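Next up, protein-v9.cif (mmCIF, C-alpha atoms and all ligand atoms):
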data_entry
#
loop_
_atom_site.label_atom_id
_atom_site.label_comp_id
_atom_site.auth_asym_id
_atom_site.auth_seq_id
_atom_site.Cartn_x
_atom_site.Cartn_y
_atom_site.Cartn_z
CA MET A 1412 0.00 0.00 0.00
CA HIS A 1413 1.11 3.55 -0.44
CA ALA A 1414 1.39 5.75 2.64
CA TRP A 1415 0.89 9.52 2.57
CA PRO A 1416 3.16 12.44 1.66
CA ALA A 1417 5.81 13.51 4.15
CA SER A 1418 5.85 17.06 5.44
CA GLU A 1419 9.33 18.49 5.64
CA VAL A 1420 11.10 18.40 9.00
CA PRO A 1421 13.32 21.47 9.39
CA ALA A 1422 16.81 20.90 10.83
CA LEU A 1423 17.49 22.77 14.07
CA PRO A 1424 20.72 24.19 15.41
CA GLY A 1425 22.41 22.33 18.28
CA GLN A 1426 21.99 18.81 19.51
CA GLY A 1427 18.84 16.75 20.09
CA ARG A 1428 18.33 14.61 23.18
CA ASP A 1429 18.02 10.86 23.65
CA LEU A 1430 14.47 9.91 24.49
CA ARG A 1431 13.51 8.60 27.92
CA ILE A 1432 10.15 6.91 27.67
CA HIS A 1433 7.83 4.64 29.65
CA ASP A 1434 8.14 0.98 28.73
CA THR A 1435 5.10 -1.14 29.56
CA ALA A 1436 7.16 -4.34 29.70
CA THR A 1437 9.54 -3.12 32.41
CA GLY A 1438 6.99 -0.78 33.96
CA GLY A 1439 9.43 2.11 34.16
CA LEU A 1440 11.26 4.79 32.21
CA VAL A 1441 14.03 3.68 29.86
CA THR A 1442 16.43 5.77 27.79
CA LEU A 1443 16.20 4.54 24.21
CA GLN A 1444 19.50 4.13 22.46
CA PRO A 1445 18.73 3.16 18.89
CA GLY A 1446 21.49 2.80 16.31
CA PRO A 1447 21.88 5.27 13.44
CA VAL A 1448 18.62 3.90 12.03
CA ALA A 1449 15.91 3.73 14.70
CA ARG A 1450 13.26 1.08 14.07
CA ILE A 1451 9.63 1.55 15.09
CA TYR A 1452 6.43 -0.37 14.44
CA VAL A 1453 3.14 1.37 15.19
CA CYS A 1454 -0.07 -0.60 14.95
CA GLY A 1455 -2.34 0.91 12.30
CA ILE A 1456 -6.08 1.25 11.97
CA THR A 1457 -8.78 -1.29 11.29
CA PRO A 1458 -10.41 0.71 8.50
CA TYR A 1459 -14.14 0.31 9.12
CA ASP A 1460 -14.78 3.87 10.25
CA ALA A 1461 -13.10 7.26 10.09
CA THR A 1462 -10.13 8.38 12.20
CA HIS A 1463 -11.32 9.70 15.55
CA MET A 1464 -9.49 11.83 18.10
CA GLY A 1465 -8.37 8.73 20.02
CA HIS A 1466 -6.55 7.33 16.99
CA ALA A 1467 -5.11 10.76 16.23
CA ALA A 1468 -3.81 11.12 19.80
CA THR A 1469 -2.07 7.75 19.64
CA TYR A 1470 -0.44 8.48 16.26
CA ASN A 1471 0.57 11.89 17.57
CA ALA A 1472 2.53 10.23 20.39
CA PHE A 1473 4.53 8.05 18.01
CA ASP A 1474 5.05 10.92 15.63
CA LEU A 1475 6.74 12.75 18.51
CA VAL A 1476 9.01 9.74 19.17
CA GLN A 1477 10.22 10.00 15.59
CA ARG A 1478 10.68 13.75 15.72
CA VAL A 1479 12.89 13.39 18.79
CA TRP A 1480 14.97 10.75 16.99
CA LEU A 1481 15.23 12.86 13.82
CA ASP A 1482 16.46 15.75 15.96
CA THR A 1483 19.35 13.52 17.07
CA LYS A 1484 20.23 13.13 13.37
CA ARG A 1485 19.16 9.51 13.30
CA GLN A 1486 17.19 8.07 10.46
CA VAL A 1487 13.89 6.43 11.28
CA HIS A 1488 12.62 3.21 9.81
CA TYR A 1489 8.91 3.34 10.52
CA VAL A 1490 6.45 0.56 9.69
CA GLN A 1491 2.69 0.62 10.11
CA ASN A 1492 -0.01 -1.87 9.15
CA VAL A 1493 -3.63 -1.61 8.09
CA THR A 1494 -5.86 -4.39 9.44
CA ASP A 1495 -7.82 -4.56 6.21
CA ILE A 1496 -9.33 -7.96 6.96
CA ASP A 1497 -10.76 -8.79 10.40
CA ASP A 1498 -14.11 -9.47 12.06
CA PRO A 1499 -15.05 -5.85 12.84
CA LEU A 1500 -14.51 -4.83 9.20
CA LEU A 1501 -16.66 -7.68 7.88
CA GLU A 1502 -19.36 -7.00 10.49
CA ARG A 1503 -19.56 -3.30 9.59
CA ALA A 1504 -19.59 -4.06 5.85
CA GLN A 1505 -22.48 -6.44 6.38
CA ARG A 1506 -24.37 -4.03 8.65
CA ASP A 1507 -24.09 -1.22 6.08
CA ASP A 1508 -24.51 -3.51 3.08
CA VAL A 1509 -21.25 -2.35 1.48
CA ASP A 1510 -18.41 -4.33 -0.04
CA TRP A 1511 -15.75 -4.89 2.65
CA VAL A 1512 -12.93 -4.10 0.20
CA LYS A 1513 -14.54 -0.79 -0.76
CA LEU A 1514 -15.15 0.07 2.90
CA ALA A 1515 -11.51 -0.59 3.79
CA GLU A 1516 -10.22 1.37 0.81
CA ARG A 1517 -12.45 4.33 1.53
CA GLU A 1518 -11.55 4.55 5.22
CA THR A 1519 -7.84 4.01 4.58
CA ALA A 1520 -7.90 6.84 2.01
CA LEU A 1521 -9.55 9.11 4.56
CA PHE A 1522 -6.98 8.11 7.19
CA ARG A 1523 -4.17 9.09 4.82
CA GLU A 1524 -5.80 12.49 4.28
CA ASP A 1525 -6.20 12.99 8.03
CA MET A 1526 -2.60 12.00 8.76
CA THR A 1527 -1.35 14.34 6.01
CA ALA A 1528 -3.42 17.24 7.34
CA LEU A 1529 -2.13 16.63 10.87
CA ARG A 1530 1.49 16.51 9.60
CA MET A 1531 2.10 12.99 10.91
CA LEU A 1532 5.23 11.52 9.38
CA PRO A 1533 4.38 8.64 7.04
CA PRO A 1534 5.72 5.11 7.53
CA ARG A 1535 8.36 3.91 5.12
CA HIS A 1536 6.35 0.71 4.73
CA TYR A 1537 2.56 0.86 4.98
CA ILE A 1538 1.32 -2.71 4.71
CA GLY A 1539 -2.17 -4.17 4.59
CA ALA A 1540 -3.05 -7.49 6.25
CA VAL A 1541 -4.33 -8.84 2.94
CA GLU A 1542 -1.11 -8.12 1.10
CA ALA A 1543 0.83 -9.68 4.00
CA ILE A 1544 -0.98 -13.05 3.77
CA PRO A 1545 1.71 -14.75 1.63
CA GLY A 1546 4.18 -13.94 4.41
CA ILE A 1547 1.82 -14.91 7.24
CA VAL A 1548 1.06 -18.45 6.03
CA PRO A 1549 4.65 -19.78 6.34
CA LEU A 1550 4.92 -18.32 9.84
CA VAL A 1551 1.79 -20.15 10.98
CA GLU A 1552 3.06 -23.35 9.34
CA ARG A 1553 6.32 -22.91 11.17
CA LEU A 1554 4.63 -22.38 14.53
CA ARG A 1555 2.65 -25.55 13.91
CA ASP A 1556 5.81 -27.45 12.93
CA LEU A 1557 7.48 -26.23 16.12
CA GLY A 1558 4.58 -27.63 18.14
CA ALA A 1559 3.49 -24.14 19.22
CA ALA A 1560 0.24 -24.21 17.27
CA TYR A 1561 -2.63 -26.66 17.07
CA GLU A 1562 -5.76 -27.21 15.04
CA LEU A 1563 -9.33 -26.91 16.27
CA ASP A 1564 -12.05 -27.71 13.72
CA GLY A 1565 -9.84 -26.44 10.91
CA ASP A 1566 -8.81 -23.22 12.71
CA VAL A 1567 -5.24 -22.93 13.92
CA TYR A 1568 -4.48 -21.62 17.42
CA PHE A 1569 -1.27 -20.46 19.05
CA SER A 1570 -0.40 -22.11 22.34
CA VAL A 1571 0.57 -19.37 24.80
CA GLU A 1572 2.33 -21.96 26.93
CA SER A 1573 4.94 -22.41 24.18
CA ASP A 1574 6.53 -19.06 25.08
CA PRO A 1575 8.39 -18.95 28.40
CA HIS A 1576 8.21 -15.15 28.21
CA PHE A 1577 4.42 -15.03 27.80
CA GLY A 1578 3.01 -12.33 30.07
CA GLU A 1579 6.13 -10.18 30.14
CA VAL A 1580 4.68 -7.34 28.08
CA SER A 1581 1.51 -6.64 30.07
CA HIS A 1582 2.22 -8.40 33.41
CA LEU A 1583 -1.46 -9.13 33.96
CA ASP A 1584 -2.78 -12.02 36.02
CA ALA A 1585 -4.71 -14.83 34.34
CA ALA A 1586 -8.14 -13.50 35.34
CA ALA A 1587 -7.46 -10.04 33.90
CA MET A 1588 -6.05 -11.60 30.74
CA ARG A 1589 -9.16 -13.71 30.29
CA LEU A 1590 -11.44 -10.71 30.69
CA LEU A 1591 -9.50 -8.57 28.24
CA SER A 1592 -9.17 -11.39 25.77
CA ALA A 1593 -12.99 -11.68 25.60
CA GLU A 1594 -13.32 -7.91 25.24
CA ARG A 1595 -10.66 -7.48 22.60
CA GLY A 1596 -11.23 -9.99 19.84
CA GLY A 1597 -10.29 -13.25 21.61
CA ASP A 1598 -12.52 -16.28 22.24
CA PRO A 1599 -11.61 -17.59 25.73
CA ASP A 1600 -14.91 -19.46 26.02
CA ARG A 1601 -14.50 -21.58 22.90
CA SER A 1602 -14.30 -25.20 24.01
CA GLY A 1603 -11.47 -27.45 22.90
CA LYS A 1604 -8.71 -24.88 23.34
CA LYS A 1605 -5.61 -25.88 25.31
CA ASN A 1606 -5.62 -22.59 27.17
CA PRO A 1607 -8.58 -20.18 27.03
CA LEU A 1608 -6.18 -17.36 26.15
CA ASP A 1609 -4.75 -19.06 23.04
CA PRO A 1610 -5.33 -16.69 20.10
CA VAL A 1611 -6.25 -17.71 16.58
CA LEU A 1612 -3.47 -17.71 13.98
CA TRP A 1613 -5.46 -18.87 10.97
CA LEU A 1614 -9.23 -18.98 10.66
CA ALA A 1615 -10.55 -21.62 8.25
CA ALA A 1616 -12.77 -20.30 5.45
CA ARG A 1617 -16.39 -19.63 6.49
CA ASP A 1618 -19.38 -19.46 4.13
CA GLY A 1619 -19.94 -15.95 2.85
CA GLU A 1620 -16.59 -14.68 4.12
CA PRO A 1621 -13.50 -13.89 2.06
CA SER A 1622 -10.68 -16.44 2.22
CA TRP A 1623 -7.20 -16.90 0.82
CA ASP A 1624 -4.94 -19.78 -0.08
CA GLY A 1625 -3.24 -20.90 3.12
CA GLY A 1626 -1.00 -23.64 1.69
CA SER A 1627 -1.03 -26.59 4.07
CA LEU A 1628 -3.36 -24.64 6.40
CA GLY A 1629 -6.17 -24.71 3.86
CA ARG A 1630 -8.16 -21.70 2.70
CA GLY A 1631 -8.84 -19.08 5.35
CA ARG A 1632 -7.77 -15.74 6.73
CA PRO A 1633 -5.15 -14.65 9.25
CA GLY A 1634 -5.57 -13.89 12.95
CA TRP A 1635 -4.90 -10.36 14.12
CA HIS A 1636 -1.68 -10.72 16.12
CA ILE A 1637 0.25 -12.77 13.57
CA GLU A 1638 -0.52 -10.05 11.02
CA CYS A 1639 1.55 -7.47 12.85
CA VAL A 1640 4.30 -9.99 13.61
CA ALA A 1641 4.67 -10.97 9.96
CA ILE A 1642 4.82 -7.34 8.85
CA ALA A 1643 7.21 -6.29 11.63
CA LEU A 1644 9.61 -9.20 11.14
CA ASP A 1645 9.58 -8.79 7.38
CA HIS A 1646 10.35 -5.08 7.42
CA LEU A 1647 12.19 -4.51 10.71
CA GLY A 1648 13.43 -7.86 11.98
CA MET A 1649 13.66 -8.88 15.65
CA GLY A 1650 14.81 -6.52 18.37
CA PHE A 1651 13.43 -3.32 16.89
CA ASP A 1652 13.37 -0.29 19.13
CA VAL A 1653 9.70 0.42 19.79
CA GLN A 1654 6.35 -1.19 19.24
CA GLY A 1655 3.59 1.31 19.80
CA GLY A 1656 -0.15 1.63 20.06
CA GLY A 1657 -2.89 2.65 22.44
CA SER A 1658 -3.01 1.12 25.93
CA ASP A 1659 -5.82 -1.19 24.76
CA LEU A 1660 -3.24 -3.01 22.61
CA ALA A 1661 -0.89 -4.01 25.46
CA PHE A 1662 -3.03 -7.09 26.03
CA PRO A 1663 -3.74 -9.21 24.14
CA HIS A 1664 -2.33 -7.76 20.92
CA HIS A 1665 1.23 -6.85 21.84
CA GLU A 1666 1.58 -9.67 24.36
CA MET A 1667 0.53 -12.27 21.79
CA GLY A 1668 2.57 -10.71 19.01
CA ALA A 1669 5.68 -10.78 21.18
CA SER A 1670 5.06 -14.46 21.99
CA HIS A 1671 4.52 -15.44 18.36
CA ALA A 1672 7.75 -13.76 17.31
CA GLN A 1673 9.80 -15.10 20.20
CA VAL A 1674 8.75 -18.69 19.55
CA LEU A 1675 9.27 -18.27 15.81
CA THR A 1676 12.78 -16.89 16.04
CA GLY A 1677 14.05 -18.22 19.36
CA GLU A 1678 15.11 -14.64 20.09
CA PHE A 1679 13.87 -12.28 22.79
CA PRO A 1680 12.36 -9.70 22.81
CA MET A 1681 10.60 -8.77 19.58
CA ALA A 1682 10.55 -5.07 20.52
CA LYS A 1683 13.07 -3.61 22.96
CA THR A 1684 10.38 -1.26 24.27
CA TYR A 1685 6.60 -1.37 24.36
CA VAL A 1686 5.05 2.07 24.43
CA HIS A 1687 1.36 2.71 25.00
CA ALA A 1688 -0.72 5.84 24.72
CA GLY A 1689 -3.67 6.62 27.00
CA MET A 1690 -7.28 6.44 25.91
CA VAL A 1691 -9.26 9.44 24.76
CA ALA A 1692 -12.85 9.52 25.93
CA LEU A 1693 -15.98 11.40 24.93
CA ASP A 1694 -18.84 11.90 27.40
CA GLY A 1695 -17.07 9.75 29.95
CA GLU A 1696 -16.52 6.70 27.76
CA LYS A 1697 -13.54 5.55 25.68
CA MET A 1698 -13.99 6.83 22.14
CA SER A 1699 -14.46 3.72 20.08
CA LYS A 1700 -15.78 2.75 16.71
CA SER A 1701 -17.89 0.01 18.24
CA LYS A 1702 -19.51 2.38 20.77
CA GLY A 1703 -19.98 5.10 18.15
CA ASN A 1704 -19.16 8.04 20.51
CA LEU A 1705 -16.80 9.65 18.07
CA VAL A 1706 -15.30 12.96 17.03
CA PHE A 1707 -13.71 12.50 13.63
CA VAL A 1708 -10.64 14.35 12.40
CA SER A 1709 -12.21 14.53 8.93
CA ARG A 1710 -15.42 16.03 10.34
CA LEU A 1711 -13.49 18.79 12.11
CA ARG A 1712 -11.57 19.48 8.91
CA ARG A 1713 -14.82 19.70 6.94
CA ASP A 1714 -16.14 22.12 9.53
CA GLY A 1715 -13.19 24.37 8.79
CA VAL A 1716 -11.11 23.65 11.91
CA ASP A 1717 -7.41 24.22 11.24
CA PRO A 1718 -5.60 20.84 11.49
CA ALA A 1719 -2.80 22.66 13.35
CA ALA A 1720 -5.33 23.45 16.10
CA VAL A 1721 -6.39 19.80 16.23
CA ARG A 1722 -2.76 18.84 16.62
CA LEU A 1723 -2.29 21.39 19.41
CA ALA A 1724 -5.35 19.97 21.15
CA LEU A 1725 -3.70 16.53 21.13
CA LEU A 1726 -0.36 17.91 22.26
CA ALA A 1727 -1.98 19.62 25.24
CA HIS A 1728 -2.37 16.20 26.91
CA HIS A 1729 0.40 13.95 28.07
CA TYR A 1730 0.37 10.90 25.83
CA ARG A 1731 0.12 8.44 28.72
CA SER A 1732 -2.86 10.02 30.43
CA ASP A 1733 -6.44 9.10 29.67
CA TRP A 1734 -8.30 12.27 28.80
CA GLU A 1735 -11.59 13.57 27.60
CA TRP A 1736 -12.24 15.36 24.32
CA THR A 1737 -14.45 18.40 24.82
CA ASP A 1738 -15.30 21.52 22.81
CA GLN A 1739 -13.26 23.48 25.34
CA VAL A 1740 -10.13 21.46 24.50
CA LEU A 1741 -10.49 22.50 20.88
CA GLN A 1742 -11.32 26.12 21.70
CA ASP A 1743 -8.20 26.39 23.88
CA ALA A 1744 -6.09 24.97 21.05
CA VAL A 1745 -7.54 27.40 18.51
CA ALA A 1746 -6.77 30.30 20.87
CA ARG A 1747 -3.22 29.05 21.46
CA LEU A 1748 -2.60 28.67 17.73
CA GLY A 1749 -3.75 32.25 17.24
CA ARG A 1750 -1.36 33.54 19.95
CA TRP A 1751 1.58 31.60 18.54
CA ARG A 1752 0.91 32.68 14.95
CA SER A 1753 0.68 36.28 15.99
CA ALA A 1754 3.94 35.97 17.99
CA VAL A 1755 5.94 34.54 15.07
CA SER A 1756 4.49 36.95 12.52
CA ARG A 1757 6.71 39.79 13.76
CA PRO A 1758 10.15 40.26 12.17
CA ASP A 1759 11.99 40.05 15.51
CA GLY A 1760 11.42 38.95 19.07
CA PRO A 1761 12.95 37.65 22.31
CA SER A 1762 15.80 35.20 21.81
CA ALA A 1763 14.49 31.66 21.24
CA ASP A 1764 17.71 29.65 21.76
CA ALA A 1765 16.70 28.65 25.29
CA LEU A 1766 13.18 27.83 24.11
CA VAL A 1767 14.47 25.26 21.61
CA GLU A 1768 16.37 23.55 24.43
CA GLU A 1769 13.28 23.63 26.66
CA ILE A 1770 11.16 21.94 23.98
CA ARG A 1771 13.89 19.33 23.50
CA ASP A 1772 14.16 18.68 27.23
CA ALA A 1773 10.39 18.38 27.61
CA LEU A 1774 9.97 15.89 24.78
CA ALA A 1775 12.99 13.82 25.78
CA ASP A 1776 11.38 13.47 29.22
CA ASP A 1777 8.74 10.85 28.35
CA LEU A 1778 7.26 13.04 25.60
CA ASN A 1779 6.11 15.81 27.88
CA ALA A 1780 4.34 17.76 25.14
CA PRO A 1781 2.26 19.86 27.57
CA ALA A 1782 5.53 21.17 29.06
CA ALA A 1783 6.78 21.96 25.55
CA LEU A 1784 3.59 23.90 24.82
CA ALA A 1785 3.96 25.81 28.08
CA ALA A 1786 7.50 26.83 27.09
CA VAL A 1787 6.29 28.16 23.74
CA ASP A 1788 3.42 29.93 25.54
CA ARG A 1789 5.96 31.74 27.73
CA TRP A 1790 7.97 32.88 24.71
CA ALA A 1791 4.79 34.03 22.93
CA ALA A 1792 3.68 35.94 26.05
CA LEU A 1793 7.08 37.65 26.26
CA GLN A 1794 6.84 38.57 22.60
CA GLN A 1795 3.37 39.99 23.19
CA GLU A 1796 4.37 41.97 26.29
CA ARG A 1797 7.84 43.24 25.47
CA GLY A 1798 8.95 42.04 22.06
CA GLY A 1799 12.69 41.68 21.45
CA GLU A 1800 15.54 42.48 19.10
CA ASP A 1801 16.51 39.02 17.93
CA ILE A 1802 15.91 39.03 14.17
CA GLY A 1803 16.10 35.25 13.81
CA ALA A 1804 13.89 34.36 16.79
CA PRO A 1805 10.39 34.13 15.25
CA GLY A 1806 11.75 32.01 12.39
CA LEU A 1807 13.57 29.73 14.81
CA VAL A 1808 10.41 29.28 16.89
CA SER A 1809 8.43 28.38 13.76
CA ARG A 1810 11.04 25.83 12.71
CA ALA A 1811 11.31 24.31 16.17
CA VAL A 1812 7.54 24.03 16.59
CA ASP A 1813 7.31 22.44 13.15
CA ALA A 1814 10.27 20.06 13.53
CA LEU A 1815 9.58 18.89 17.08
CA LEU A 1816 5.81 19.22 17.46
CA GLY A 1817 4.57 18.86 13.87
CA VAL A 1818 2.70 22.17 14.00
CA ALA A 1819 3.01 24.55 11.06
CA LEU A 1820 2.65 28.15 12.16
N1 LIG B 1901 -5.66 -2.50 13.62
C1 LIG B 1901 -5.49 -2.62 15.04
C2 LIG B 1901 -4.03 -2.56 15.45
S1 LIG B 1901 -3.05 -3.71 14.61
C3 LIG B 1901 -6.29 -1.58 15.80
O1 LIG B 1901 -6.27 -1.59 17.01
N2 LIG B 1901 -6.96 -0.70 15.06
S2 LIG B 1901 -7.89 0.46 15.67
O2 LIG B 1901 -8.38 1.18 14.51
O3 LIG B 1901 -8.86 -0.08 16.54
O4 LIG B 1901 -6.97 1.38 16.52
C4 LIG B 1901 -5.87 2.06 15.94
C5 LIG B 1901 -5.00 2.67 17.04
O5 LIG B 1901 -5.73 3.66 17.75
C6 LIG B 1901 -4.56 1.64 18.08
O6 LIG B 1901 -3.23 1.93 18.49
C7 LIG B 1901 -5.51 1.89 19.24
O7 LIG B 1901 -4.93 1.53 20.48
C8 LIG B 1901 -5.71 3.39 19.14
N3 LIG B 1901 -6.98 3.81 19.73
C9 LIG B 1901 -8.23 3.33 19.48
N4 LIG B 1901 -9.15 3.97 20.23
C10 LIG B 1901 -8.48 4.90 20.98
C11 LIG B 1901 -8.87 5.88 21.96
N5 LIG B 1901 -10.13 6.07 22.30
N6 LIG B 1901 -7.89 6.65 22.50
C12 LIG B 1901 -6.59 6.49 22.14
N7 LIG B 1901 -6.16 5.59 21.22
C13 LIG B 1901 -7.09 4.80 20.65
ZN ZN B 1902 -1.05 -4.40 15.46
#
Rewrite the structure of this file - the entire thing - as structure tokens.
Amino acid sequence: MHAWPASEVPALPGQGRDLRIHDTATGGLVTLQPGPVARIYVCGITPYDATHMGHAATYNAFDLVQRVWLDTKRQVHYVQNVTDIDDPLLERAQRDDVDWVKLAERETALFREDMTALRMLPPRHYIGAVEAIPGIVPLVERLRDLGAAYELDGDVYFSVESDPHFGEVSHLDAAAMRLLSAERGGDPDRSGKKNPLDPVLWLAARDGEPSWDGGSLGRGRPGWHIECVAIALDHLGMGFDVQGGGSDLAFPHHEMGASHAQVLTGEFPMAKTYVHAGMVALDGEKMSKSKGNLVFVSRLRRDGVDPAAVRLALLAHHYRSDWEWTDQVLQDAVARLGRWRSAVSRPDGPSADALVEEIRDALADDLNAPAALAAVDRWAALQQERGGEDIGAPGLVSRAVDALLGVAL
């Protein structure tokens, strides 16, 4: 699949910082030390509905990770998937009486537009589940040959007990795992499984559902976790720097993916760091396509909201906190954008050298975007109150805000 166009990232004077970030697997802060090419996999959308503010907030967090790395003069090898075949997509297509392929294409196209408008850096490889099937089948066959997978009425399941490291991403107890598995696409109550938590690797063809050639597995379609493993291993290999997504992906998705990969390769871990963003809510409940309590990026754009204001609204919340989208959040962001634009529109201003360092320090400290915004606010207030003689300052602020926060002033 093609991704979306990249917005330019201006180079800044001085030296960027190494990123210290919260790792779910170790439960604490770690300083990432990628090589000259940092490798990151961010779980992509299931394209059955438009991009809402929750998705946008999660992609914003991982966009910041990359901007911090780029500021250290590293290259970034970024991979993202599109879950363009899975139960929720088929269910929505049936509900709305639309072709599932058309639905996925339409929503993926809209996602690309939203990401472009929000200045999110595009992945180098943007891969759909369907196009990954030829790579998924041999992995499932291999897991079966290793004795880590078993068949149940034609479906193939992964045995979580085959991975000695199972549980080391999310650190949940068995009861919590079982609950979340049922909530998030698993089938713990299906009888005949070795362990209720075992996730499906390959689902045998069902009447009326699309299916693909699965070699010795028979016709069918892939499970969700093996999709991301196949794509990540193919394009990044084991031991990549970060796997990212919202906190609802820690279990089962990232836990299962890690286990699949570790059993397949005999190496540990799949990702050096597991990073999770908090959940955005609306009216007190997690924004989710299945609940339908959504504010869409595309809807705001259609209503004439500046995407830079949407981005500032996301940045105003720490990526790890759960927060609530309200009209006030957007109004505050629109007001802030106005103040910043006015401050950089003058030919000169207070020196901004210290401000660039403050933004760097804030982001390097577990992506503290709210602190970065507060630093820019202080500079803008100074500009408003007293101005300054530094001819290069407004331009430097614009470049820093663009390069590090993805906001075009
Ligand atoms: N296709 C899979 C990942 S392989 C998937 O979870 N798709 S999704 O469309 O449901 O979600 C895409 C990303 O948005 C995931 O990282 C998910 O954790 C995140 N996300 C979904 N809802 C919210 C929310 N309310 N707040 C924050 N992030 C969210
Ligand atoms: Zn994924």
inquiry  = Between A:Ser1809, A:Gln1444, A:Thr1737, A:Asn1704, which residue has the minimum interatomic distance to ligand LIG 1901 (chain B), considering only C-alpha atoms and all ligand atoms?
reply    =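 Answer, going by the shortest atom-to-atom distance: A:Asn1704.
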ask   = Which of these residues is nearest to ligand LIG 1901 (chain B), using only C-alpha atoms and all ligand atoms: A:Thr1457, A:Thr1483, A:Ser1602, A:Ser1709?
value =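 Of all the options, A:Thr1457 lies closest to ligand LIG 1901 (chain B).
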inquiry  = Show me the residues close to (-5.7, -28.9, 7.1) - anything with an atom within 10 Å, counting all atoms listed in the file - and format the list as a list in words.
reply    = Glu1562, Asp1564, Gly1565, Asp1566, Val1567, Ala1615, Gly1625, Gly1626, Ser1627, Leu1628, Gly1629 and Arg1630 of chain A
Hey, could you pull the box centre and edge lengths for ligand LIG 1901 (chain B), axis-aligned, 8 Å padding per side, all listed atoms, to one decimal in Å, as lines of an AutoDock Vina configuration file?
center_x = -6.6
center_y = 1.5
center_z = 18.1
size_x = 23.1
size_y = 26.4
size_z = 24.9
task = Could you please extract the residues within 8 Å of ligand ZN 1902 (chain B), counting only C-alpha atoms and all ligand atoms, and hand them back as a VMD selection string?
result = chain A and resid 1453 to 1455 1492 1494 1635 to 1636 1638 to 1640 1656 1660 1664 to 1665
task = Within 6 Å of ligand LIG 1901 (chain B), which residues show up when you count all atoms listed in the file? List them as a PyMOL selection string, please.
result = chain A and resi 1454-1457+1465-1466+1468-1469+1493-1494+1656-1660+1689-1692+1697-1699
message = So that I can see what lies close to segment 1583-1588 of chain A, please list as a ChimeraX atom specification the residues with an atom at most 9 Å from it, counting only C-alpha atoms and leaving out residues fewer than 4 positions away in the same chain.
response = /A:1578-1579,1592-1593,1608,1662-1663
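Minimum distance to Gly1619 of chain A across A:Gln1505, A:Thr1527, A:Thr1519, A:Ser1762 (counting all atoms listed in the file) occurs at A:Gln1505.
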query = Quick one: of A:Arg1771, A:Arg1810, A:His1671, A:Arg1722, who's nearest to Phe1577 of chain A, counting all atoms listed in the file?
reply =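 Under the stated criterion, the closest residue is A:His1671.
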Taking 2 positions as the minimum chain separation for residues in the same chain, which residues sit within 10 Å of segment 1477-1481 of chain A when counting all atoms listed in the file? Answer as a PDB file with C-alpha atoms, keeping the file's coordinate frame.
ATOM      1  CA  VAL A1420      11.100  18.400   9.000  1.00  0.00           C
ATOM      2  CA  PRO A1421      13.320  21.470   9.390  1.00  0.00           C
ATOM      3  CA  ALA A1422      16.810  20.900  10.830  1.00  0.00           C
ATOM      4  CA  GLY A1427      18.840  16.750  20.090  1.00  0.00           C
ATOM      5  CA  ARG A1428      18.330  14.610  23.180  1.00  0.00           C
ATOM      6  CA  ASP A1429      18.020  10.860  23.650  1.00  0.00           C
ATOM      7  CA  LEU A1430      14.470   9.910  24.490  1.00  0.00           C
ATOM      8  CA  LEU A1443      16.200   4.540  24.210  1.00  0.00           C
ATOM      9  CA  GLN A1444      19.500   4.130  22.460  1.00  0.00           C
ATOM     10  CA  PRO A1445      18.730   3.160  18.890  1.00  0.00           C
ATOM     11  CA  PRO A1447      21.880   5.270  13.440  1.00  0.00           C
ATOM     12  CA  VAL A1448      18.620   3.900  12.030  1.00  0.00           C
ATOM     13  CA  ALA A1449      15.910   3.730  14.700  1.00  0.00           C
ATOM     14  CA  ARG A1450      13.260   1.080  14.070  1.00  0.00           C
ATOM     15  CA  ILE A1451       9.630   1.550  15.090  1.00  0.00           C
ATOM     16  CA  ALA A1472       2.530  10.230  20.390  1.00  0.00           C
ATOM     17  CA  PHE A1473       4.530   8.050  18.010  1.00  0.00           C
ATOM     18  CA  ASP A1474       5.050  10.920  15.630  1.00  0.00           C
ATOM     19  CA  LEU A1475       6.740  12.750  18.510  1.00  0.00           C
ATOM     20  CA  THR A1483      19.350  13.520  17.070  1.00  0.00           C
ATOM     21  CA  LYS A1484      20.230  13.130  13.370  1.00  0.00           C
ATOM     22  CA  ARG A1485      19.160   9.510  13.300  1.00  0.00           C
ATOM     23  CA  GLN A1486      17.190   8.070  10.460  1.00  0.00           C
ATOM     24  CA  VAL A1487      13.890   6.430  11.280  1.00  0.00           C
ATOM     25  CA  HIS A1488      12.620   3.210   9.810  1.00  0.00           C
ATOM     26  CA  TYR A1489       8.910   3.340  10.520  1.00  0.00           C
ATOM     27  CA  MET A1531       2.100  12.990  10.910  1.00  0.00           C
ATOM     28  CA  LEU A1532       5.230  11.520   9.380  1.00  0.00           C
ATOM     29  CA  ARG A1771      13.890  19.330  23.500  1.00  0.00           C
ATOM     30  CA  LEU A1774       9.970  15.890  24.780  1.00  0.00           C
ATOM     31  CA  ALA A1775      12.990  13.820  25.780  1.00  0.00           C
ATOM     32  CA  LEU A1778       7.260  13.040  25.600  1.00  0.00           C
ATOM     33  CA  ASP A1813       7.310  22.440  13.150  1.00  0.00           C
ATOM     34  CA  ALA A1814      10.270  20.060  13.530  1.00  0.00           C
ATOM     35  CA  LEU A1815       9.580  18.890  17.080  1.00  0.00           C
ATOM     36  CA  LEU A1816       5.810  19.220  17.460  1.00  0.00           C
ATOM     37  CA  GLY A1817       4.570  18.860  13.870  1.00  0.00           C
TER      38      GLY A1817
END
request  = Could you please determine the separation between atom CA of Gln1794 of chain A and atom CA of Ser1418 of chain A in Å, to one decimal place?
outcome  =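 Answer for the atom CA of Gln1794 of chain A to atom CA of Ser1418 of chain A separation: 27.5 Å.
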